[in-house]
file upload.cif (mmCIF, C-alpha atoms and all ligand atoms)
data_data
#
loop_
_atom_site.group_PDB
_atom_site.id
_atom_site.type_symbol
_atom_site.label_atom_id
_atom_site.label_comp_id
_atom_site.auth_asym_id
_atom_site.auth_seq_id
_atom_site.Cartn_x
_atom_site.Cartn_y
_atom_site.Cartn_z
ATOM 1 C CA MET A 1 183.577 114.248 53.385
ATOM 2 C CA GLN A 2 185.152 115.524 50.209
ATOM 3 C CA PHE A 3 187.021 113.389 47.670
ATOM 4 C CA GLU A 4 188.024 115.949 45.019
ATOM 5 C CA GLY A 5 191.041 114.713 43.084
ATOM 6 C CA LYS A 6 190.743 111.211 44.539
ATOM 7 C CA THR A 7 190.172 108.135 42.415
ATOM 8 C CA VAL A 8 187.793 105.585 43.894
ATOM 9 C CA ILE A 9 187.209 102.090 42.481
ATOM 10 C CA VAL A 10 183.941 100.396 43.469
ATOM 11 C CA THR A 11 183.327 96.760 42.501
ATOM 12 C CA GLY A 12 179.913 95.102 42.295
ATOM 13 C CA ALA A 13 178.862 98.593 41.286
ATOM 14 C CA THR A 14 175.522 97.821 39.670
ATOM 15 C CA GLY A 15 174.218 95.886 42.689
ATOM 16 C CA GLY A 16 171.602 97.325 45.016
ATOM 17 C CA ILE A 17 174.175 98.708 47.447
ATOM 18 C CA GLY A 18 177.174 99.194 45.144
ATOM 19 C CA GLU A 19 175.427 101.802 43.049
ATOM 20 C CA ARG A 20 174.699 103.841 46.196
ATOM 21 C CA TYR A 21 178.445 103.921 46.941
ATOM 22 C CA VAL A 22 179.146 105.062 43.383
ATOM 23 C CA HIS A 23 176.652 107.926 43.593
ATOM 24 C CA ALA A 24 177.875 108.958 47.063
ATOM 25 C CA PHE A 25 181.554 109.127 46.092
ATOM 26 C CA ALA A 26 180.761 110.883 42.792
ATOM 27 C CA SER A 27 178.638 113.448 44.645
ATOM 28 C CA ALA A 28 181.572 114.038 47.010
ATOM 29 C CA GLY A 29 183.786 114.962 44.046
ATOM 30 C CA ALA A 30 185.648 111.680 43.509
ATOM 31 C CA ASN A 31 186.660 110.319 40.141
ATOM 32 C CA VAL A 32 184.825 107.016 40.372
ATOM 33 C CA VAL A 33 185.626 103.914 38.372
ATOM 34 C CA ALA A 34 182.702 101.550 38.756
ATOM 35 C CA ALA A 35 183.188 97.879 37.918
ATOM 36 C CA ASP A 36 180.970 94.857 37.567
ATOM 37 C CA VAL A 37 180.741 91.624 35.590
ATOM 38 C CA PRO A 38 180.446 91.877 31.781
ATOM 39 C CA ALA A 39 176.918 90.411 31.948
ATOM 40 C CA VAL A 40 175.658 93.665 33.493
ATOM 41 C CA ALA A 41 177.661 96.017 31.245
ATOM 42 C CA GLU A 42 174.470 97.654 30.004
ATOM 43 C CA ALA A 43 173.415 98.539 33.553
ATOM 44 C CA GLY A 44 176.989 99.723 34.122
ATOM 45 C CA ALA A 45 176.785 102.078 31.147
ATOM 46 C CA GLY A 46 173.537 103.491 32.574
ATOM 47 C CA LEU A 47 175.162 103.940 35.966
ATOM 48 C CA ALA A 48 178.146 105.697 34.400
ATOM 49 C CA GLU A 49 175.824 108.148 32.701
ATOM 50 C CA ALA A 50 173.702 108.753 35.791
ATOM 51 C CA ALA A 51 176.621 109.170 38.198
ATOM 52 C CA GLY A 52 179.118 110.773 35.809
ATOM 53 C CA CYS A 53 181.680 108.041 36.401
ATOM 54 C CA ALA A 54 183.660 105.543 34.350
ATOM 55 C CA PHE A 55 182.484 101.940 34.067
ATOM 56 C CA VAL A 56 184.709 98.934 33.406
ATOM 57 C CA ALA A 57 183.356 95.425 32.822
ATOM 58 C CA ALA A 58 185.539 93.300 35.101
ATOM 59 C CA ASP A 59 185.227 89.988 36.900
ATOM 60 C CA VAL A 60 186.949 90.219 40.301
ATOM 61 C CA THR A 61 188.235 86.652 39.968
ATOM 62 C CA SER A 62 190.287 87.568 36.880
ATOM 63 C CA ASP A 63 193.781 89.040 37.356
ATOM 64 C CA GLU A 64 193.651 90.237 33.728
ATOM 65 C CA ASP A 65 190.416 92.115 34.390
ATOM 66 C CA TRP A 66 191.912 93.700 37.510
ATOM 67 C CA THR A 67 194.932 94.858 35.521
ATOM 68 C CA ALA A 68 192.653 96.434 32.893
ATOM 69 C CA LEU A 69 190.546 98.079 35.614
ATOM 70 C CA VAL A 70 193.487 99.603 37.476
ATOM 71 C CA ASP A 71 195.112 100.669 34.175
ATOM 72 C CA ARG A 72 191.894 102.442 33.167
ATOM 73 C CA ALA A 73 191.737 104.274 36.509
ATOM 74 C CA HIS A 74 195.372 105.237 36.198
ATOM 75 C CA ASP A 75 195.160 106.296 32.534
ATOM 76 C CA GLU A 76 192.010 108.345 33.052
ATOM 77 C CA PHE A 77 192.687 109.888 36.460
ATOM 78 C CA GLY A 78 196.421 109.405 37.078
ATOM 79 C CA ARG A 79 196.156 107.645 40.440
ATOM 80 C CA VAL A 80 194.240 105.151 42.563
ATOM 81 C CA ASP A 81 193.382 106.245 46.117
ATOM 82 C CA VAL A 82 190.482 104.087 47.278
ATOM 83 C CA LEU A 83 189.217 100.572 46.584
ATOM 84 C CA VAL A 84 185.781 99.510 47.819
ATOM 85 C CA ASN A 85 185.776 95.710 47.488
ATOM 86 C CA ASN A 86 181.990 95.385 47.374
ATOM 87 C CA ALA A 87 181.470 92.638 44.760
ATOM 88 C CA ALA A 88 180.204 89.363 46.139
ATOM 89 C CA ILE A 89 177.844 86.558 45.419
ATOM 90 C CA TYR A 90 174.897 87.520 47.578
ATOM 91 C CA GLN A 91 171.780 87.921 45.486
ATOM 92 C CA GLY A 92 172.991 84.973 43.410
ATOM 93 C CA LEU A 93 172.907 82.666 46.450
ATOM 94 C CA GLY A 94 169.265 81.807 45.846
ATOM 95 C CA ALA A 95 167.132 80.291 48.578
ATOM 96 C CA LYS A 96 168.715 79.431 51.920
ATOM 97 C CA ARG A 97 169.686 75.749 52.139
ATOM 98 C CA PRO A 98 170.824 73.467 54.968
ATOM 99 C CA LEU A 99 174.586 72.912 54.920
ATOM 100 C CA THR A 100 173.965 69.213 54.208
ATOM 101 C CA GLU A 101 172.416 70.213 50.872
ATOM 102 C CA LEU A 102 175.245 72.422 49.636
ATOM 103 C CA ALA A 103 177.565 70.978 47.007
ATOM 104 C CA CYS A 104 181.317 71.579 46.951
ATOM 105 C CA GLU A 105 180.730 73.532 43.763
ATOM 106 C CA ASP A 106 178.416 75.979 45.604
ATOM 107 C CA TRP A 107 181.056 76.440 48.300
ATOM 108 C CA ASP A 108 183.892 76.965 45.814
ATOM 109 C CA THR A 109 181.950 79.472 43.710
ATOM 110 C CA VAL A 110 181.084 81.670 46.681
ATOM 111 C CA LEU A 111 184.531 81.519 48.285
ATOM 112 C CA ARG A 112 186.170 82.184 44.929
ATOM 113 C CA VAL A 113 184.333 85.458 44.348
ATOM 114 C CA ASN A 114 183.852 86.707 47.906
ATOM 115 C CA VAL A 115 187.280 85.871 49.333
ATOM 116 C CA ARG A 116 189.678 85.274 46.466
ATOM 117 C CA GLY A 117 188.222 88.170 44.466
ATOM 118 C CA THR A 118 188.676 90.503 47.437
ATOM 119 C CA TRP A 119 192.309 89.491 47.796
ATOM 120 C CA GLN A 120 192.866 89.837 44.021
ATOM 121 C CA GLY A 121 191.551 93.400 44.226
ATOM 122 C CA ILE A 122 193.924 94.299 47.040
ATOM 123 C CA LYS A 123 196.807 92.732 45.136
ATOM 124 C CA ALA A 124 195.928 94.716 42.012
ATOM 125 C CA VAL A 125 195.674 98.182 43.582
ATOM 126 C CA VAL A 126 198.668 98.027 45.919
ATOM 127 C CA PRO A 127 201.326 99.068 43.348
ATOM 128 C CA ALA A 128 199.280 102.147 42.329
ATOM 129 C CA MET A 129 198.579 103.033 45.974
ATOM 130 C CA ARG A 130 202.245 102.673 46.849
ATOM 131 C CA ALA A 131 203.066 104.983 43.938
ATOM 132 C CA ALA A 132 200.537 107.512 45.291
ATOM 133 C CA GLY A 133 202.114 107.328 48.769
ATOM 134 C CA GLY A 134 199.197 105.487 50.401
ATOM 135 C CA GLY A 135 195.593 104.479 49.998
ATOM 136 C CA ARG A 136 192.393 103.228 51.579
ATOM 137 C CA ILE A 137 190.913 99.790 51.060
ATOM 138 C CA VAL A 138 187.416 99.066 52.348
ATOM 139 C CA ASN A 139 186.275 95.455 52.163
ATOM 140 C CA ILE A 140 182.623 94.554 52.565
ATOM 141 C CA SER A 141 181.882 91.813 55.067
ATOM 142 C CA SER A 142 178.493 90.973 56.621
ATOM 143 C CA SER A 143 177.152 90.937 60.174
ATOM 144 C CA THR A 144 176.205 87.311 59.481
ATOM 145 C CA ALA A 145 179.899 86.450 59.981
ATOM 146 C CA ARG A 146 179.438 87.238 63.693
ATOM 147 C CA MET A 147 175.840 86.032 64.049
ATOM 148 C CA GLY A 148 176.275 82.674 62.316
ATOM 149 C CA VAL A 149 172.970 82.859 60.431
ATOM 150 C CA PRO A 150 171.919 79.397 59.172
ATOM 151 C CA GLY A 151 171.014 78.592 55.581
ATOM 152 C CA PHE A 152 174.015 79.954 53.759
ATOM 153 C CA VAL A 153 177.031 78.669 55.589
ATOM 154 C CA HIS A 154 179.346 79.191 52.594
ATOM 155 C CA TYR A 155 178.445 82.901 52.401
ATOM 156 C CA VAL A 156 178.888 83.392 56.156
ATOM 157 C CA ALA A 157 182.248 81.599 56.088
ATOM 158 C CA SER A 158 183.336 83.750 53.131
ATOM 159 C CA LYS A 159 182.617 86.963 55.022
ATOM 160 C CA ALA A 160 184.448 85.737 58.143
ATOM 161 C CA ALA A 161 187.408 85.084 55.834
ATOM 162 C CA VAL A 162 187.154 88.631 54.443
ATOM 163 C CA GLU A 163 187.584 89.946 57.990
ATOM 164 C CA GLY A 164 190.709 87.824 58.563
ATOM 165 C CA LEU A 165 192.073 88.919 55.208
ATOM 166 C CA THR A 166 191.412 92.529 56.222
ATOM 167 C CA ARG A 167 193.470 92.204 59.414
ATOM 168 C CA SER A 168 196.346 90.438 57.728
ATOM 169 C CA ALA A 169 196.506 92.858 54.782
ATOM 170 C CA ALA A 170 196.353 95.804 57.206
ATOM 171 C CA ARG A 171 199.484 94.584 58.996
ATOM 172 C CA GLU A 172 201.275 93.909 55.720
ATOM 173 C CA LEU A 173 200.444 97.235 54.058
ATOM 174 C CA GLY A 174 200.541 99.661 56.986
ATOM 175 C CA ALA A 175 204.136 100.669 56.331
ATOM 176 C CA ASP A 176 203.048 101.811 52.851
ATOM 177 C CA GLY A 177 200.441 104.157 54.293
ATOM 178 C CA ILE A 178 197.661 101.883 53.046
ATOM 179 C CA THR A 179 194.798 101.243 55.472
ATOM 180 C CA VAL A 180 192.644 98.151 55.109
ATOM 181 C CA ASN A 181 189.334 98.000 56.951
ATOM 182 C CA ALA A 182 185.975 96.317 56.538
ATOM 183 C CA VAL A 183 182.341 97.258 56.932
ATOM 184 C CA ALA A 184 179.930 94.514 58.014
ATOM 185 C CA PRO A 185 176.368 95.473 57.094
ATOM 186 C CA GLY A 186 173.296 94.014 58.694
ATOM 187 C CA LEU A 187 170.355 92.912 56.575
ATOM 188 C CA VAL A 188 169.541 95.708 54.142
ATOM 189 C CA SER A 189 165.968 96.035 52.944
ATOM 190 C CA ASP A 190 166.067 96.217 49.174
ATOM 191 C CA GLU A 191 164.928 94.167 46.203
ATOM 192 C CA ALA A 192 167.701 91.601 46.608
ATOM 193 C CA THR A 193 167.025 90.842 50.270
ATOM 194 C CA ARG A 194 163.275 90.738 49.692
ATOM 195 C CA ALA A 195 163.874 88.050 47.063
ATOM 196 C CA LEU A 196 166.085 86.032 49.440
ATOM 197 C CA ASN A 197 164.172 86.438 52.711
ATOM 198 C CA THR A 198 160.536 86.347 53.792
ATOM 199 C CA ASP A 199 158.815 89.559 54.904
ATOM 200 C CA ALA A 200 158.466 88.018 58.376
ATOM 201 C CA TYR A 201 162.251 87.514 58.557
ATOM 202 C CA ILE A 202 162.950 91.102 57.481
ATOM 203 C CA THR A 203 160.445 92.475 59.998
ATOM 204 C CA ALA A 204 161.921 90.331 62.782
ATOM 205 C CA ALA A 205 165.428 91.534 61.873
ATOM 206 C CA ALA A 206 164.284 95.145 62.173
ATOM 207 C CA GLY A 207 162.643 94.436 65.526
ATOM 208 C CA GLY A 208 165.866 92.931 66.885
ATOM 209 C CA ARG A 209 167.808 96.131 66.299
ATOM 210 C CA ALA A 210 168.514 98.697 69.005
ATOM 211 C CA LEU A 211 167.371 101.274 66.467
ATOM 212 C CA GLY A 212 164.259 99.209 65.708
ATOM 213 C CA ARG A 213 163.828 99.831 61.999
ATOM 214 C CA GLU A 214 164.662 98.341 58.616
ATOM 215 C CA MET A 215 168.087 99.201 57.241
ATOM 216 C CA VAL A 216 168.463 100.887 53.842
ATOM 217 C CA PRO A 217 171.536 101.034 51.568
ATOM 218 C CA ASP A 218 172.194 104.672 52.472
ATOM 219 C CA ASP A 219 172.743 103.630 56.115
ATOM 220 C CA LEU A 220 176.115 102.226 54.990
ATOM 221 C CA ILE A 221 177.473 105.236 53.196
ATOM 222 C CA GLY A 222 178.811 107.161 56.206
ATOM 223 C CA ALA A 223 180.908 104.231 57.462
ATOM 224 C CA VAL A 224 182.321 103.365 54.037
ATOM 225 C CA MET A 225 183.180 106.971 53.201
ATOM 226 C CA PHE A 226 184.729 107.592 56.609
ATOM 227 C CA LEU A 227 187.067 104.602 56.226
ATOM 228 C CA ALA A 228 187.884 105.770 52.678
ATOM 229 C CA SER A 229 188.647 109.324 53.780
ATOM 230 C CA GLY A 230 191.627 111.125 55.244
ATOM 231 C CA SER A 231 189.778 111.224 58.591
ATOM 232 C CA GLY A 232 189.963 107.437 58.785
ATOM 233 C CA GLY A 233 193.727 107.482 58.348
ATOM 234 C CA PHE A 234 194.748 106.021 61.728
ATOM 235 C CA LEU A 235 192.237 103.178 61.673
ATOM 236 C CA THR A 236 193.332 99.925 60.097
ATOM 237 C CA GLY A 237 192.550 96.216 60.362
ATOM 238 C CA GLN A 238 189.127 97.000 61.844
ATOM 239 C CA THR A 239 185.641 95.839 60.947
ATOM 240 C CA LEU A 240 182.821 98.293 61.595
ATOM 241 C CA VAL A 241 179.518 96.499 62.087
ATOM 242 C CA VAL A 242 176.776 98.734 60.696
ATOM 243 C CA ASP A 243 173.513 96.993 61.615
ATOM 244 C CA GLY A 244 171.476 99.420 63.701
ATOM 245 C CA GLY A 245 172.553 97.729 66.921
ATOM 246 C CA VAL A 246 172.322 93.942 66.782
ATOM 247 C CA VAL A 247 175.920 92.762 67.115
ATOM 248 C CA PHE A 248 178.033 94.681 69.630
ATOM 249 C CA THR A 249 181.761 94.171 69.128
HETATM 250 N N1 LIG A 301 172.110 93.261 50.976
HETATM 251 C C1 LIG A 301 172.391 92.948 52.253
HETATM 252 O O1 LIG A 301 171.501 92.834 53.115
HETATM 253 C C2 LIG A 301 173.825 92.735 52.662
HETATM 254 C C3 LIG A 301 174.089 92.469 54.017
HETATM 255 C C4 LIG A 301 175.412 92.281 54.399
HETATM 256 C C5 LIG A 301 176.429 92.374 53.473
HETATM 257 N N2 LIG A 301 176.124 92.627 52.161
HETATM 258 C C6 LIG A 301 177.249 92.722 51.237
HETATM 259 O O2 LIG A 301 177.171 93.976 50.582
HETATM 260 C C7 LIG A 301 177.706 93.856 49.246
HETATM 261 C C8 LIG A 301 176.670 94.321 48.232
HETATM 262 O O3 LIG A 301 175.487 93.564 48.417
HETATM 263 P P1 LIG A 301 174.209 93.706 47.483
HETATM 264 O O4 LIG A 301 173.026 93.472 48.353
HETATM 265 O O5 LIG A 301 174.292 94.942 46.656
HETATM 266 O O6 LIG A 301 174.428 92.394 46.604
HETATM 267 P P2 LIG A 301 174.065 92.136 45.082
HETATM 268 O O7 LIG A 301 174.039 90.654 44.924
HETATM 269 O O8 LIG A 301 172.854 92.938 44.712
HETATM 270 O O9 LIG A 301 175.300 92.783 44.312
HETATM 271 C C9 LIG A 301 176.538 92.165 44.236
HETATM 272 C C10 LIG A 301 177.237 92.727 43.026
HETATM 273 O O10 LIG A 301 178.469 92.021 42.855
HETATM 274 C C11 LIG A 301 178.580 91.696 41.489
HETATM 275 N N3 LIG A 301 179.421 90.506 41.301
HETATM 276 C C12 LIG A 301 179.118 89.219 41.574
HETATM 277 N N4 LIG A 301 180.115 88.416 41.193
HETATM 278 C C13 LIG A 301 181.086 89.209 40.669
HETATM 279 C C14 LIG A 301 182.355 88.972 40.068
HETATM 280 N N5 LIG A 301 182.849 87.733 39.941
HETATM 281 N N6 LIG A 301 183.071 90.049 39.632
HETATM 282 C C15 LIG A 301 182.587 91.303 39.744
HETATM 283 N N7 LIG A 301 181.390 91.586 40.288
HETATM 284 C C16 LIG A 301 180.644 90.546 40.733
HETATM 285 C C17 LIG A 301 177.162 91.445 41.007
HETATM 286 O O11 LIG A 301 177.049 91.539 39.596
HETATM 287 C C18 LIG A 301 176.411 92.530 41.744
HETATM 288 O O12 LIG A 301 176.393 93.741 41.014
HETATM 289 C C19 LIG A 301 178.110 92.388 49.097
HETATM 290 O O13 LIG A 301 179.467 92.246 49.436
HETATM 291 C C20 LIG A 301 177.239 91.692 50.124
HETATM 292 O O14 LIG A 301 177.784 90.465 50.537
HETATM 293 C C21 LIG A 301 174.847 92.802 51.736
#

call {"tool": "encode", "arguments": {"input": "upload.cif", "output": "structure tokens"}}
result
Amino acid sequence: MQFEGKTVIVTGATGGIGERYVHAFASAGANVVAADVPAVAEAGAGLAEAAGCAFVAADVTSDEDWTALVDRAHDEFGRVDVLVNNAAIYQGLGAKRPLTELACEDWDTVLRVNVRGTWQGIKAVVPAMRAAGGGRIVNISSSTARMGVPGFVHYVASKAAVEGLTRSAARELGADGITVNAVAPGLVSDEATRALNTDAYITAAAGGRALGREMVPDDLIGAVMFLASGSGGFLTGQTLVVDGGVVFT
């Protein structure tokens, strides 16, 4: 898939998976604007250099930051074609906890970033996509939304909400030529998941897959790029579960 002349915004871009999306789109010729929280601006600058992309320090829960991010994409590349709403609180969840031990503050923080931030991103890019005659929005969910994994009920609920948001936004924006889809990854084996899960859990997850192996960040790239491409143009409101064959939808 080629993205020459297309501008792609990726949020949560310095995370374990986000940076893979940045490299993949940049390698396919896209003008990539990578974004992440100001606290990781140094890593963002390194990513920008390595991938040959722009980096903007932006918190997805700030409308002002979204305006600055979209303005930068527009000023530098003249258009916005694709948004990959990848930012989420995932690694920051810490150890799994019973739902009786979660505080309202934990719930609000996760829902604020994972759901509200996703909606704020859609809201921010729509005017530029309308001006360009259409666009592609890819939200990142999680297969846990369908499996109901215990221990982080707020995260699972947030990803189920992302899928509902995806369907609703798809209906609302279809007439503008804007598609809105989601990708729901299974458990990816990387530093972040190894910190959050035991080795036994990761091995069991791999064993439960039809494809019988651990999943790596690059396993997600094909699905995300397809939904972001011209080839994915008649698909909207859908969630593609990319988990090696655990959840069948
Ligand atoms: N790793 C997995 O196994 C897995 C499985 C299913 C879904 N996912 C989803 O994939 C995406 C990427 O996951 P990851 O493993 O790279 O997670 P991660 O925790 O490593 O990265 C998340 C990124 O989002 C950024 N972020 C957090 N809050 C933000 C905010 N307010 N504004 C802007 N950026 C913010 C973080 O700085 C980080 O770079 C997430 O949406 C996650 O929920 C991951």

call {"tool": "axis_aligned_box", "arguments": {"input": "upload.cif", "around": "ligand LIG 301 (chain A)", "padding_each_side": "5 Å", "output": "AutoDock Vina command-line options"}}
result
--center_x 177.3 --center_y 91.3 --center_z 47.0 --size_x 21.6 --size_y 17.2 --size_z 24.8

call {"tool": "closest_residue", "arguments": {"input": "upload.cif", "among": "A:Ile137, A:Ala184, A:Val10, A:Val247", "to": "A:Trp119", "atoms": "only C-alpha atoms"}}
result
A:Ile137

call {"tool": "closest_residue", "arguments": {"input": "upload.cif", "among": "A:Gly46, A:Gly52, A:Gly148, A:Gly92", "to": "ligand LIG 301 (chain A)", "atoms": "all atoms listed in the file"}}
result
A:Gly92

call {"tool": "closest_atom_pairs", "arguments": {"input": "upload.cif", "of": "chain A", "to": "ligand LIG 301 (chain A)", "cutoff": "6 Å", "atoms": "all atoms listed in the file", "output": "Markdown table"}}
result
| residue | atom | partner | partner_atom | distance |
| --- | --- | --- | --- | --- |
| A:Thr11 | CA | A:LIG301 | N7 | 6.0 |
| A:Gly12 | CA | A:LIG301 | O10 | 3.4 |
| A:Ala13 | CA | A:LIG301 | O12 | 5.5 |
| A:Thr14 | CA | A:LIG301 | O12 | 4.4 |
| A:Gly15 | CA | A:LIG301 | O12 | 3.5 |
| A:Gly16 | CA | A:LIG301 | O5 | 4.0 |
| A:Ile17 | CA | A:LIG301 | O5 | 3.8 |
| A:Gly18 | CA | A:LIG301 | O5 | 5.4 |
| A:Asp36 | CA | A:LIG301 | N7 | 4.3 |
| A:Val37 | CA | A:LIG301 | C15 | 4.6 |
| A:Ala58 | CA | A:LIG301 | C15 | 5.9 |
| A:Asp59 | CA | A:LIG301 | N6 | 3.5 |
| A:Val60 | CA | A:LIG301 | N6 | 3.9 |
| A:Thr61 | CA | A:LIG301 | N5 | 5.5 |
| A:Asn86 | CA | A:LIG301 | O13 | 4.5 |
| A:Ala87 | CA | A:LIG301 | O10 | 3.6 |
| A:Ala88 | CA | A:LIG301 | O13 | 4.4 |
| A:Ile89 | CA | A:LIG301 | C12 | 4.8 |
| A:Tyr90 | CA | A:LIG301 | O7 | 4.2 |
| A:Gln91 | CA | A:LIG301 | O7 | 3.6 |
| A:Gly92 | CA | A:LIG301 | O7 | 6.0 |
| A:Val113 | CA | A:LIG301 | N5 | 5.2 |
| A:Ile140 | CA | A:LIG301 | O13 | 5.0 |
| A:Ser141 | CA | A:LIG301 | C5 | 5.7 |
| A:Ser142 | CA | A:LIG301 | C5 | 4.0 |
| A:Pro185 | CA | A:LIG301 | C4 | 4.3 |
| A:Gly186 | CA | A:LIG301 | C3 | 5.0 |
| A:Leu187 | CA | A:LIG301 | O1 | 3.6 |
| A:Val188 | CA | A:LIG301 | O1 | 3.6 |
| A:Ala192 | CA | A:LIG301 | O8 | 5.7 |
| A:Thr193 | CA | A:LIG301 | O1 | 5.7 |

call {"tool": "resolve_selection", "arguments": {"input": "upload.cif", "expression": "the PyMOL selection byres (((chain A and resi 248) around 12) and not hetatm)", "output": "PyMOL selection string"}}
result
chain A and resi 143+146-147+184+186+209-210+239-247+249

call {"tool": "atom_distance", "arguments": {"input": "upload.cif", "atom1": "atom CA of A:Glu163", "atom2": "atom CA of A:Glu64"}}
result
25.0 Å

call {"tool": "decode", "arguments": {"input": "upload.cif", "residues": "stretch 185-202 of chain A", "atoms": "N, CA, C and O atoms", "output": "short mmCIF file (atom, residue, chain, number, x, y, z; two decimals), in the first residue's frame"}}
result
data_model
loop_
_atom_site.label_atom_id
_atom_site.label_comp_id
_atom_site.auth_asym_id
_atom_site.auth_seq_id
_atom_site.Cartn_x
_atom_site.Cartn_y
_atom_site.Cartn_z
N PRO A 185 -6.68 -5.19 18.58
CA PRO A 185 -5.56 -6.14 18.70
C PRO A 185 -5.75 -7.11 19.86
O PRO A 185 -6.34 -6.76 20.88
N GLY A 186 -5.19 -8.29 19.69
CA GLY A 186 -5.04 -9.20 20.82
C GLY A 186 -3.81 -8.78 21.62
O GLY A 186 -3.21 -7.73 21.37
N LEU A 187 -3.43 -9.62 22.56
CA LEU A 187 -2.29 -9.29 23.42
C LEU A 187 -1.00 -9.34 22.61
O LEU A 187 -0.64 -10.38 22.04
N VAL A 188 -0.33 -8.19 22.55
CA VAL A 188 0.92 -8.08 21.80
C VAL A 188 2.08 -8.34 22.74
O VAL A 188 2.11 -7.81 23.85
N SER A 189 3.02 -9.13 22.31
CA SER A 189 4.20 -9.39 23.16
C SER A 189 5.23 -8.30 22.92
O SER A 189 5.88 -8.27 21.89
N ASP A 190 5.33 -7.40 23.86
CA ASP A 190 6.40 -6.39 23.83
C ASP A 190 6.70 -6.00 25.26
O ASP A 190 6.14 -6.57 26.20
N GLU A 191 7.58 -5.04 25.43
CA GLU A 191 7.99 -4.64 26.78
C GLU A 191 6.81 -4.30 27.68
O GLU A 191 6.75 -4.69 28.84
N ALA A 192 5.85 -3.54 27.10
CA ALA A 192 4.72 -3.07 27.91
C ALA A 192 3.89 -4.24 28.43
O ALA A 192 3.54 -4.29 29.61
N THR A 193 3.57 -5.19 27.56
CA THR A 193 2.72 -6.30 28.01
C THR A 193 3.48 -7.22 28.95
O THR A 193 2.90 -7.81 29.84
N ARG A 194 4.80 -7.31 28.77
CA ARG A 194 5.57 -8.17 29.68
C ARG A 194 5.60 -7.56 31.08
O ARG A 194 5.68 -8.27 32.07
N ALA A 195 5.52 -6.22 31.14
CA ALA A 195 5.50 -5.57 32.45
C ALA A 195 4.13 -5.74 33.13
O ALA A 195 4.03 -5.77 34.34
N LEU A 196 3.07 -5.86 32.31
CA LEU A 196 1.71 -5.92 32.86
C LEU A 196 1.21 -7.34 33.10
O LEU A 196 0.24 -7.54 33.83
N ASN A 197 1.81 -8.32 32.42
CA ASN A 197 1.30 -9.69 32.48
C ASN A 197 2.43 -10.66 32.79
O ASN A 197 3.58 -10.42 32.43
N THR A 198 2.09 -11.78 33.42
CA THR A 198 3.12 -12.78 33.71
C THR A 198 3.47 -13.53 32.42
O THR A 198 2.69 -13.57 31.46
N ASP A 199 4.66 -14.14 32.41
CA ASP A 199 5.07 -14.93 31.25
C ASP A 199 4.07 -16.06 30.99
O ASP A 199 3.75 -16.38 29.84
N ALA A 200 3.56 -16.65 32.09
CA ALA A 200 2.61 -17.76 31.96
C ALA A 200 1.34 -17.28 31.23
O ALA A 200 0.79 -17.99 30.38
N TYR A 201 0.91 -16.06 31.54
CA TYR A 201 -0.30 -15.52 30.91
C TYR A 201 -0.07 -15.29 29.41
O TYR A 201 -0.91 -15.63 28.58
N ILE A 202 1.12 -14.75 29.09
CA ILE A 202 1.44 -14.48 27.68
C ILE A 202 1.56 -15.79 26.89
O ILE A 202 1.05 -15.91 25.77
#
